[in-house]
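Peer 1: Have a look at this one before I ask anything.
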Amino acid sequence: MLEEIKARLDAAVPGCRSEMILNGSPSGQHSLLLDSAHAVEAATFLRDHAELRFDYCSNVTGVDWLEAQHSPGYLEVVYHLYSMEKKRGPLVLRLRTENRTDKVHLPSLTPVWRSAEFQEREIFDLYGIIFDGHPDLRRILMWDEFEDHPMRKDYVEPDDYEYEPTAHDDILAKAKQHAMGKSQEP
Amino acid sequence: MTTAPVKEATHDERAAGCGQDELLEIALGPHHPSTHGVFRMDVVLDGERVVKLKPVFGYLHRNHEKIAESASYLASMPYTDRLDYICSLTNNWAYALAVEKLAGLQVPERAEYIRVITAELTRLVNHTATIGFLTQEMGASGTPLMYAFREREKILDLFESLTGSRMMCNYMRFGGCRVELPAGWLEQTKKVVEEFPRFLDEYEQLLTGNEIFMARAQGVGILKKDLAIDAGVTGPMLRASGVNYDIRKVDKYGIYDRFDFKIPLGEHGDVYDRYMVRMLEMRESLKILHQALRDLPQGPLMDPKAKIRGFRPKPGEAYGRIEAPKGELGFYLISDGSPNPYRYRVRPPSLINLTVLEDMCRGYSIADTIVIFGTVDIVLGEVDR
């Protein structure tokens with residue numbers, strides 16, 4: 001089924017470079033990697049095509065791939081699409097950023113499926129992917145002043161405890177380290 | 001927070017008491033009794049009418065997904081209880097289903113039946129609680145909520161005798177269920193299931209034709225079919241808008257293709273339809289329960305191939321979803337061959353159903369907003385994760 005969708009997509013959206021990503025697990029849910037320049041056009045096609053009608057975007061996920069797994073490392077967004085009209089699915093779409101540091105822009109698919117609105121905000125918040133064309137891209141779970149992206153694999157939690165350190169050894173050790181770091185600063 | 005600029009009234013206007021086009025921005029929550037937890041809505045009001053409504057999340061955020069990435073597959077099972085803490089058994093099932101897809105495990109028949117029985121009992125628990133809270137939010141203080149909780153408690157007693165806990169059940173395992181039914185459990189469950197319709201009749205008599213309830217519910221908070229599909233709304237809320245989409249019928253996961261039951265649909269997509277769909281869904285759940293309790297076979301509870309210790313699925317990924325009482329609950333897992341999932345994602349129906357909250361509430365009063373919000377049916381443990 002996926003080959004057929006890929007062929008239709010490549011024919012309908014000129015210049016679209018889609019690629020099949022095979023899945024080794026018994027679930028057999030293979031996916032389609034889209035190039036970000038044509039992603040919105042391809043998504044609109046998948047939603048509106050009379051026979052496909054993937055009108056329902058169920059799940060949007062961010063994934064962080066470090067250099068260790070793929071070189072160079074990148075951030076990925078995975079969309080799980082279903083068709084409520086045709087009762088089919090899932091169709092798994094993937095989009096990848098160029099790297100994990102400065103080229104982290106991807107097109108937002110919220111204009112195509114509104115159900116991506118909060119989920120893309122969450123990925124922006126926790127992974128730091130910037131979705132171009134999102135109507136309201138703000139942090140959603142962390143507070144607005146927060147700076148890092150906690151779901152990244154190399155995230156280091158801060159040691160500046162505002163509260164009284166609890167009596168656990170590792171917390172006390174971190175608080176001590178933080179206090180030492182401060183005393184060296186001036 | 002980005003909201004509409006609040007127009008400053010001049011001294012003379014204030015003195016004259018005329019604030020006709022003055023907008024007022026208030027924070028409804030996070031400590032509001034009707035927000036079902038710590039949820040905040042930033043609302044902009046024109047008099048009593050809602051002009052803008054922005055939900056603010058994160059007060060209960062503990063990064064469940066990150067914690068699950070640093071724990072083994074099985075270690076996250078008790079944590080799924082804490083997502084939607086009203087419906088821990090369906091959370092267990094959704095997670096178990098995703099892992100079973102990932103690792104290719106089979107579930108024995110008896111375990112499938114027990115899963116269906118516990119999941120449908122969970123649906124009864126959830127819908128009684130939701131409708132009970134809804135009446136409370138309409139100002140029917142106490143009585144209907146206590147009626148609902150009285151019935152809910154009978155089912156929670158069953159959960160306690162089966163799993164050891166009323167709400168944090170932690171009952172399902174990859175490839176089956178944890179423990180065998182205790183002695184007398186089936187008889188007790190049959191009794192509860194048989195007596196339940198009497199409660200529903202009584203409750204419907206109290207509410208369905210009640211003039212005040214109808215006035216507060218009919219034509220309020222309408223959600224159109226197209227918007228519901230576009231915004232990924234699922235569960236009773238979607239079906240109240242007239243979309244025939246129930247994952248029990250679509251995916252036929254587990255053994256749902258063996259049971260005879262119907263999918264209640266609404267017509268108007270208003271508060272009343274969302275109430276009615278839940279009421280009718282409970283009766284359909286009772287039908288499923290009758291059939292499952294009658295047909296429950298003997299046999300093993302666990303797939304003999306399933307390993308509890310040293311469980312390492314092959315590299316790959318899987319998305320598994322079920323029809324939880326609140327909507328589509330899905331788990332997306334990526335394995336890299338290690339004992340911990342590389343990526344663990346929860347698709348929370350409570351969060352995604354809130355996407356349309358502003359669309360439903362705009363133009364209604366604060367009192368209606370509370371009622372509309374009540375019929376979305378959220379639990380903050382799942383919204384914020």
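Note on naming: chains are A, B, ... as they come in the structure tokens, residues start from 1 per chain, ligands start from 1 in the order shown.
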What residues in chain B lie within 8 Å of chain A, counting only C-alpha atoms, written as a ChimeraX atom specification?
Peer 2: /B:56-59,61,66,101-104,229-233,245,250,314-319,330,343,345,347,351-352,355,384
Peer 1: Env of stretch 87-100 of chain B: 7 Å cut, atoms = only C-alpha atoms, seq-sep filter 6 positions within chain, self excluded. Answer as a list in words.
Peer 2: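 My list of contacting residues is Met77, Thr80, Asp81, Thr118, Ala119, Thr122, Asn126, Met167, Met168, Cys169, Asn170, Tyr171, Met172, Arg173, Phe174, Gly175, Ala318, Tyr319, Gly320, Arg321, Ile322, Ala324, Leu329, Gly330, Phe331 and Tyr332 of chain B.
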Peer 1: How far is it from atom CA of A:Met20 to atom CA of A:Ile5, in Å with one decimal?
Peer 2: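 Between atom CA of A:Met20 and atom CA of A:Ile5 the gap is 10.6 Å.
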Peer 1: Name all residues at most 12 Å from B:Ile255 (count only C-alpha atoms; drop same-chain ones fewer than 5 positions away) and give them as a PyMOL selection string.
Peer 2: chain B and resi 107-117+248-249+260+288+291-292+295-296
Peer 1: Running DSSP on the backbone, which parts of stretch 53-105 of chain B land in alpha helix (DSSP H), as a PyMOL selection string?
Peer 2: chain B and resi 64-69+77-80+88-103
Peer 1: If you run DSSP on the backbone, which residues of stretch 133-368 of chain B are strand (DSSP E or B), as a VMD selection string?
Peer 2: chain B and resid 172 to 173 176 to 177 302 316 to 324 327 to 335 343 to 347 365
